[in-house]
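Content type mmCIF, C-alpha atoms and all ligand atoms, from the file query-v9.cif:
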```cif
data_model
loop_
_atom_site.label_atom_id
_atom_site.label_comp_id
_atom_site.auth_asym_id
_atom_site.auth_seq_id
_atom_site.Cartn_x
_atom_site.Cartn_y
_atom_site.Cartn_z
CA MET A 1 57.71 100.65 152.57
CA ARG A 2 55.14 103.32 153.08
CA VAL A 3 54.44 104.15 156.70
CA ASN A 4 50.80 104.35 157.66
CA ARG A 5 50.77 107.93 158.83
CA ARG A 6 47.88 107.67 161.24
CA THR A 7 49.58 104.80 163.02
CA LEU A 8 52.87 106.62 163.04
CA LEU A 9 51.47 109.86 164.41
CA ALA A 10 49.43 108.00 167.00
CA GLY A 11 52.63 106.17 167.96
CA LEU A 12 54.61 109.40 168.28
CA ALA A 13 51.88 110.95 170.40
CA SER A 14 51.59 107.94 172.71
CA LEU A 15 55.34 107.95 173.28
CA GLY A 16 55.02 111.53 174.38
CA LEU A 17 57.09 112.56 171.40
CA ALA A 18 54.54 114.49 169.46
CA GLY A 19 54.08 117.64 171.43
CA CYS A 20 53.34 116.17 174.84
CA GLY A 21 55.97 117.87 176.93
CA GLY A 22 59.05 116.66 178.75
CA SER A 23 62.66 117.42 177.99
CA ARG A 24 62.81 115.30 174.88
CA ASP A 25 65.77 115.65 172.62
CA ARG A 26 64.26 114.55 169.33
CA LEU A 27 62.97 116.93 166.71
CA PHE A 28 60.59 115.26 164.27
CA GLY A 29 60.41 116.74 160.79
CA THR A 30 58.78 116.04 157.46
CA ASP A 31 59.23 116.93 153.79
CA THR A 32 57.18 115.80 150.83
CA HIS A 33 60.22 115.21 148.61
CA PRO A 34 62.42 112.09 148.40
CA ALA A 35 65.69 111.75 150.29
CA ASP A 36 67.99 113.08 147.54
CA TYR A 37 65.95 116.22 146.78
CA PRO A 38 67.70 119.53 147.65
CA THR A 39 65.12 120.56 150.28
CA VAL A 40 65.55 117.24 152.10
CA ARG A 41 69.34 117.31 151.94
CA ALA A 42 69.35 120.87 153.26
CA PHE A 43 66.87 119.89 155.99
CA ARG A 44 69.28 117.14 157.09
CA HIS A 45 72.16 119.59 157.02
CA PHE A 46 70.09 121.90 159.25
CA GLY A 47 69.59 118.95 161.64
CA ASP A 48 73.34 118.21 161.60
CA LEU A 49 74.12 121.83 162.48
CA ILE A 50 71.69 121.70 165.40
CA ALA A 51 73.19 118.44 166.67
CA GLU A 52 76.71 119.82 166.35
CA ARG A 53 75.85 123.07 168.12
CA THR A 54 74.06 121.33 171.01
CA GLN A 55 76.75 118.63 171.39
CA GLY A 56 74.27 116.04 170.17
CA ARG A 57 71.56 116.95 172.67
CA LEU A 58 68.97 118.00 170.05
CA ARG A 59 68.66 115.61 167.12
CA LEU A 60 66.49 115.59 164.02
CA THR A 61 64.50 112.58 162.86
CA LEU A 62 63.26 113.35 159.37
CA PHE A 63 60.46 111.64 157.47
CA PRO A 64 60.90 112.53 153.78
CA GLY A 65 59.02 111.38 150.69
CA GLY A 66 55.57 112.46 151.85
CA GLN A 67 55.44 109.52 154.30
CA LEU A 68 53.41 111.57 156.75
CA GLY A 69 51.00 112.94 154.18
CA ALA A 70 50.39 115.89 151.90
CA GLU A 71 51.66 119.34 152.81
CA ARG A 72 48.32 120.80 153.87
CA ASP A 73 47.79 117.89 156.31
CA THR A 74 51.27 117.93 157.80
CA LEU A 75 51.01 121.72 158.15
CA GLU A 76 47.94 121.35 160.29
CA ILE A 77 49.64 118.69 162.41
CA THR A 78 52.68 120.98 162.79
CA SER A 79 50.62 123.94 163.91
CA PHE A 80 49.03 121.79 166.63
CA GLY A 81 52.43 120.50 167.80
CA GLY A 82 52.12 116.94 166.46
CA LEU A 83 55.24 117.50 164.36
CA ASP A 84 58.14 119.77 165.29
CA LEU A 85 59.55 120.77 161.90
CA ASN A 86 58.18 120.93 158.39
CA ARG A 87 59.35 122.07 154.98
CA VAL A 88 56.53 123.11 152.66
CA ASN A 89 55.97 125.36 149.71
CA LEU A 90 54.40 128.75 150.46
CA ALA A 91 51.26 127.85 148.47
CA PRO A 92 49.48 125.71 151.10
CA LEU A 93 49.98 128.57 153.57
CA ASN A 94 48.04 130.99 151.33
CA SER A 95 44.71 130.10 152.93
CA ILE A 96 46.20 130.37 156.43
CA GLU A 97 48.03 133.71 156.24
CA SER A 98 47.30 136.35 153.60
CA LEU A 99 50.84 137.81 153.59
CA THR A 100 52.12 134.51 152.15
CA ILE A 101 50.07 135.24 149.04
CA VAL A 102 52.45 138.04 148.08
CA PRO A 103 55.63 136.03 147.30
CA SER A 104 53.35 133.44 145.68
CA LEU A 105 51.97 135.96 143.14
CA PRO A 106 52.54 135.09 139.48
CA PHE A 107 55.21 137.28 137.86
CA LEU A 108 56.09 139.14 141.04
CA PHE A 109 59.83 138.49 140.97
CA GLU A 110 61.81 139.68 137.96
CA SER A 111 64.51 137.08 138.41
CA GLU A 112 65.83 134.52 140.82
CA ALA A 113 68.30 137.11 142.11
CA HIS A 114 65.39 139.45 142.88
CA MET A 115 63.56 136.66 144.69
CA ARG A 116 66.60 135.80 146.82
CA ARG A 117 67.26 139.47 147.63
CA ALA A 118 63.68 140.06 148.74
CA LEU A 119 63.41 136.88 150.80
CA ASP A 120 66.78 137.44 152.47
CA GLY A 121 65.78 140.98 153.35
CA GLU A 122 63.07 142.74 155.27
CA PRO A 123 60.15 141.53 153.07
CA GLY A 124 61.15 137.93 153.78
CA ARG A 125 61.39 138.58 157.51
CA ARG A 126 57.89 140.10 157.44
CA VAL A 127 56.41 136.98 155.82
CA LEU A 128 58.18 134.59 158.21
CA ALA A 129 57.00 136.59 161.24
CA SER A 130 53.39 136.58 159.99
CA LEU A 131 53.17 132.82 160.61
CA GLU A 132 53.56 132.92 164.39
CA PRO A 133 49.89 133.69 165.20
CA HIS A 134 49.06 130.53 163.25
CA GLY A 135 51.18 128.33 165.48
CA LEU A 136 54.15 128.25 163.12
CA ILE A 137 57.63 129.76 163.47
CA GLY A 138 59.06 130.68 160.07
CA LEU A 139 62.75 129.75 160.21
CA ALA A 140 64.01 130.26 156.66
CA PHE A 141 63.14 130.25 152.99
CA TYR A 142 64.56 127.66 150.64
CA ASP A 143 64.64 128.10 146.86
CA SER A 144 62.07 126.63 144.56
CA GLY A 145 63.25 128.29 141.34
CA ALA A 146 60.59 129.12 138.78
CA ARG A 147 57.55 127.06 137.87
CA SER A 148 56.50 126.44 134.26
CA PHE A 149 53.67 124.52 132.59
CA TYR A 150 53.94 120.97 131.34
CA ASN A 151 51.31 118.88 129.64
CA ALA A 152 50.62 115.78 127.60
CA ARG A 153 49.15 117.51 124.55
CA ARG A 154 51.09 120.37 122.98
CA PRO A 155 53.62 123.14 123.54
CA ILE A 156 52.18 126.21 125.26
CA ARG A 157 53.24 129.46 123.61
CA THR A 158 50.34 131.77 124.41
CA PRO A 159 47.53 131.59 127.00
CA ASP A 160 45.20 130.41 124.21
CA ASP A 161 47.18 127.19 123.95
CA LEU A 162 45.99 126.35 127.47
CA ARG A 163 42.34 126.81 126.60
CA GLY A 164 40.23 123.83 127.59
CA MET A 165 43.08 122.02 129.34
CA LYS A 166 42.74 120.72 132.88
CA ILE A 167 45.74 121.86 134.86
CA ARG A 168 46.69 120.57 138.29
CA VAL A 169 47.57 123.27 140.81
CA GLN A 170 48.68 123.25 144.44
CA ASN A 171 45.98 123.74 147.05
CA SER A 172 45.74 127.51 146.82
CA ASP A 173 42.84 129.64 145.56
CA LEU A 174 45.40 132.01 144.08
CA TYR A 175 46.53 129.33 141.65
CA VAL A 176 43.00 128.29 140.80
CA ALA A 177 42.33 131.91 139.82
CA MET A 178 45.62 132.11 137.90
CA ILE A 179 44.72 129.09 135.76
CA ARG A 180 41.18 130.35 135.15
CA SER A 181 42.51 133.71 134.02
CA LEU A 182 44.58 131.88 131.45
CA GLY A 183 41.44 130.17 130.10
CA ALA A 184 42.14 126.67 131.45
CA ASP A 185 40.42 124.53 134.10
CA ALA A 186 42.16 124.32 137.46
CA THR A 187 42.25 121.12 139.49
CA PRO A 188 43.77 121.45 142.97
CA MET A 189 45.45 118.16 143.87
CA ASP A 190 48.09 116.88 146.28
CA LEU A 191 51.50 116.35 144.72
CA GLY A 192 51.42 112.59 145.35
CA GLU A 193 48.37 112.20 143.10
CA VAL A 194 49.62 114.10 140.08
CA TYR A 195 51.39 111.27 138.25
CA GLN A 196 48.31 109.04 138.30
CA GLY A 197 46.13 112.04 137.51
CA LEU A 198 48.16 112.60 134.34
CA VAL A 199 48.14 108.91 133.41
CA GLN A 200 44.39 108.66 133.83
CA GLY A 201 43.67 111.96 132.10
CA VAL A 202 42.10 113.49 135.23
CA VAL A 203 44.40 116.38 134.35
CA ASP A 204 46.16 117.23 131.09
CA GLY A 205 49.03 119.03 132.69
CA ALA A 206 50.50 120.71 135.73
CA GLU A 207 53.21 123.23 136.54
CA ASN A 208 56.42 123.00 138.49
CA ASN A 209 60.16 123.65 138.45
CA TRP A 210 62.67 121.39 136.64
CA PRO A 211 63.68 119.36 139.73
CA SER A 212 60.09 118.50 140.75
CA TYR A 213 59.08 117.78 137.15
CA GLU A 214 61.93 115.28 137.08
CA SER A 215 61.64 113.90 140.59
CA GLY A 216 57.92 113.09 140.31
CA ARG A 217 58.60 111.54 136.86
CA HIS A 218 55.76 113.66 135.47
CA PHE A 219 57.79 114.20 132.30
CA GLU A 220 57.14 110.57 131.34
CA VAL A 221 53.45 111.31 130.87
CA ALA A 222 53.52 115.05 130.14
CA PRO A 223 56.52 115.66 127.90
CA TYR A 224 55.79 119.24 126.72
CA TYR A 225 57.50 121.67 129.07
CA SER A 226 56.84 125.33 128.25
CA LEU A 227 59.05 127.83 130.01
CA THR A 228 56.55 130.39 131.26
CA ASN A 229 58.46 130.78 134.57
CA HIS A 230 55.24 132.23 135.96
CA VAL A 231 55.65 131.60 139.71
CA MET A 232 58.63 131.71 142.07
CA ALA A 233 56.86 130.91 145.35
CA PRO A 234 59.62 129.75 147.69
CA GLU A 235 59.82 126.82 150.06
CA VAL A 236 59.68 127.56 153.77
CA LEU A 237 61.18 125.77 156.74
CA LEU A 238 58.88 125.86 159.76
CA MET A 239 58.87 124.91 163.40
CA SER A 240 55.79 124.26 165.47
CA LYS A 241 55.27 127.10 167.93
CA VAL A 242 54.31 124.50 170.54
CA ARG A 243 57.83 123.04 170.32
CA TRP A 244 59.52 126.42 169.91
CA ASP A 245 57.94 127.71 173.13
CA ARG A 246 59.47 124.79 175.02
CA LEU A 247 63.00 125.46 173.78
CA SER A 248 65.40 127.47 175.94
CA PRO A 249 66.36 130.88 174.52
CA ALA A 250 69.81 129.47 173.71
CA ASP A 251 68.33 126.52 171.81
CA ARG A 252 66.00 128.84 169.91
CA GLU A 253 69.01 130.76 168.74
CA VAL A 254 70.72 127.54 167.68
CA VAL A 255 67.64 126.44 165.71
CA MET A 256 67.20 129.83 164.05
CA GLU A 257 70.86 130.24 163.15
CA SER A 258 71.19 126.67 161.92
CA ALA A 259 68.18 127.24 159.65
CA ARG A 260 69.73 130.42 158.27
CA ASP A 261 73.09 128.74 157.84
CA SER A 262 71.49 125.92 155.85
CA VAL A 263 70.23 128.38 153.22
CA PRO A 264 73.50 128.90 151.27
CA TYR A 265 74.04 125.13 151.34
CA MET A 266 70.54 124.62 149.95
CA ARG A 267 71.07 127.19 147.20
CA GLY A 268 74.23 125.42 146.05
CA LEU A 269 72.36 122.12 145.89
CA TRP A 270 69.43 123.80 144.19
CA ASP A 271 71.38 125.43 141.38
CA ALA A 272 73.21 122.17 140.67
CA ARG A 273 69.95 120.19 140.69
CA VAL A 274 68.18 122.59 138.32
CA ALA A 275 71.06 122.20 135.86
CA SER A 276 71.24 118.40 136.16
CA ALA A 277 67.44 117.95 135.95
CA ARG A 278 67.26 120.13 132.85
CA GLU A 279 70.08 118.23 131.17
CA ALA A 280 68.66 114.81 132.06
CA LEU A 281 65.16 115.69 130.91
CA LEU A 282 66.25 117.16 127.60
CA ALA A 283 68.32 114.01 127.01
CA ALA A 284 65.24 111.92 127.90
CA GLY A 285 63.29 113.59 125.10
CA VAL A 286 61.32 116.29 126.94
CA ARG A 287 60.17 118.90 124.43
CA ALA A 288 60.95 122.22 126.07
CA ASN A 289 60.04 125.53 124.47
CA LEU A 290 60.78 129.13 125.36
CA VAL A 291 57.79 131.39 125.97
CA ASP A 292 57.26 135.13 125.77
CA PRO A 293 55.82 135.79 129.24
CA ALA A 294 54.17 139.13 128.32
CA PRO A 295 50.68 137.83 127.35
CA PHE A 296 50.63 135.59 130.43
CA ARG A 297 51.63 138.43 132.70
CA ALA A 298 48.99 140.69 131.16
CA ARG A 299 46.27 138.26 132.25
CA MET A 300 47.40 138.40 135.88
CA ARG A 301 46.24 141.94 136.64
CA PRO A 302 42.74 140.91 137.87
CA VAL A 303 44.29 138.04 139.84
CA TRP A 304 46.60 140.42 141.69
CA GLU A 305 43.68 142.80 142.25
CA SER A 306 41.49 140.18 143.86
CA PHE A 307 44.21 138.59 146.01
CA VAL A 308 46.12 141.68 147.13
CA THR A 309 43.50 143.41 149.21
CA THR A 310 44.93 144.40 152.60
CA PRO A 311 47.23 147.37 153.34
CA ALA A 312 49.88 144.96 154.70
CA GLN A 313 49.84 142.97 151.45
CA ARG A 314 50.04 146.15 149.35
CA GLU A 315 53.00 147.42 151.36
CA LEU A 316 54.76 144.10 150.95
CA VAL A 317 54.17 144.08 147.18
CA ALA A 318 55.58 147.61 146.99
CA ALA A 319 58.62 146.71 149.09
CA ILE A 320 59.39 143.69 146.91
CA VAL A 321 58.81 145.49 143.62
CA ALA A 322 61.15 148.27 144.80
CA MET A 323 63.92 145.67 145.13
CA GLY A 324 63.63 144.52 141.52
CA GLU A 325 66.17 145.16 138.80
CA GLY A 326 63.63 147.32 136.97
CA SER A 327 63.45 149.75 139.88
CA ALA A 328 67.19 150.08 140.44
C1 LIG B 401 57.34 121.57 144.58
C2 LIG B 401 57.52 121.97 146.03
C3 LIG B 401 56.68 121.10 146.92
C4 LIG B 401 55.24 121.09 146.46
C5 LIG B 401 55.16 120.77 144.99
C6 LIG B 401 53.73 120.80 144.46
O1 LIG B 401 58.08 122.43 143.75
O2 LIG B 401 58.86 121.79 146.39
O3 LIG B 401 56.80 121.56 148.24
O4 LIG B 401 54.69 122.32 146.71
O5 LIG B 401 55.97 121.64 144.23
O6 LIG B 401 53.54 121.22 143.34
O7 LIG B 401 52.83 120.35 145.18
#
```

Show the structure stored in the file as structure tokens.
Ligand code: GTR
Amino acid sequence: MRVNRRTLLAGLASLGLAGCGGSRDRLFGTDTHPADYPTVRAFRHFGDLIAERTQGRLRLTLFPGGQLGAERDTLEITSFGGLDLNRVNLAPLNSIESLTIVPSLPFLFESEAHMRRALDGEPGRRVLASLEPHGLIGLAFYDSGARSFYNARRPIRTPDDLRGMKIRVQNSDLYVAMIRSLGADATPMDLGEVYQGLVQGVVDGAENNWPSYESGRHFEVAPYYSLTNHVMAPEVLLMSKVRWDRLSPADREVVMESARDSVPYMRGLWDARVASAREALLAAGVRANLVDPAPFRARMRPVWESFVTTPAQRELVAAIVAMGEGSA
């Protein structure tokens, strides 16, 4: 059953559980994905570590499956203290904090290894720290692999194949610009609306990684999956600063370390899920095709130029590029 989120949040608030003080021991969290998705399983593992390390004093109650709403809405609620913990993609943070645009840039990372290295290192720490003035404590990055295009019409081999198509993107101006630069029409839409959007022809296609393409069952209505691997924007695990500020220094350390310790667990789940989703989808008849990324990458120059504008963003781009295989 779907929980009415207004009622639920009002209920949490009236119980004094949603950011209203006291020495409560519950941590309320949300994730847009269903219970078996790697982000949600890792989130639970994070909660288990916290419970174990506080002898059961701090416990996580997690609402998965988008029960509490789309990422941009739950993000707002989290920054005001109405929710304690949230796992979102970096994209809906792009309009909130400009440094988050950098790891979201198309064709920034040369490989998954490069992405993990950069996010585990100083560049990742810089992005997580940039969220605090917005009421959010960045705890850790989770993997989201690489996103590729899928659609109901034809295989995409060059940007021209996208011409005239309506492509759903996450709620980020960066991705609207990316799609326009490829000659297609961009339609920002919440994840929960994409399946129906594809069925009704509101959009012709979308883009995502193998596990989300499978989990949302989008492959049923958009069976051409073209491996552009154009974006590797990670997932991020967040805590509301309102809640963070009320934790003791010792509990903050527990929360931070438990988040970090859940990352290797998540990566194991992630790699296995990418492999199983790919196998299941190919067996289900998805028509996947390899793509030469060069002409797609070439179209991204003006996008980078208009979205990387501050010295802090430029320094971050340089730091990440310097960690790539090509610069070794
Ligand atoms: C998924 C990601 C979600 C959400 C979704 C989307 O890969 O895990 O957090 O951002 O993509 O496309 O909306």

Next on the checklist: At a cut-off of 8 Å and counting only C-alpha atoms and all ligand atoms, what residues surround ligand LIG 401 (chain B)? Please answer as a PyMOL selection string.
Outcome noted: chain A and resi 31-33+39+71+87-92+144+147+169-171+189-192+207-209+211-212+235

Checklist entry - Which is closest to A:Leu136 among A:Gly82, A:Pro293, A:Gly201, A:Gly124, if we use all atoms listed in the file? => result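 Checking each of A:Gly82, A:Pro293, A:Gly201, A:Gly124 against A:Leu136, counting all atoms listed in the file, the winner is A:Gly82.
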
Item to check | Selected residue of minimal separation from A:Trp304 among A:Pro106, A:Pro123, A:Gly183, A:Gly216, counting all atoms listed in the file | outcome: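 For A:Trp304, the nearest of the given residues is A:Pro106.
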
For A:Gln313, list every protein, DNA or RNA residue within 7 Å, evaluated using only C-alpha atoms, and leave out those in the same chain fewer than 4 positions away; present the list as a PDB file with C-alpha atoms, in the frame of the given file.
```pdb
ATOM      1  CA  LEU A  99      50.840 137.810 153.590  1.00  0.00           C
ATOM      2  CA  VAL A 102      52.450 138.040 148.080  1.00  0.00           C
ATOM      3  CA  VAL A 308      46.120 141.680 147.130  1.00  0.00           C
ATOM      4  CA  THR A 309      43.500 143.410 149.210  1.00  0.00           C
ATOM      5  CA  VAL A 317      54.170 144.080 147.180  1.00  0.00           C
TER       6      VAL A 317
END
```

Checklist entry - Which one of A:Asp143, A:Asp251, A:Gly29, A:Ile50 sits closest to A:Tyr265 if you count all atoms listed in the file? => result A:Asp143

Next on the checklist: What's the separation between atom CA of A:Pro34 and atom CA of A:Val286, in Å to one decimal place?
Outcome noted: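 About the pair atom CA of A:Pro34 and atom CA of A:Val286: they are 21.9 Å apart.
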
Checklist entry - Between A:Arg154, A:Val321, A:Ala184, A:Val203, which one has atoms that come closest to A:Arg168, using only C-alpha atoms? => result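 Of all the options, A:Val203 lies closest to A:Arg168.
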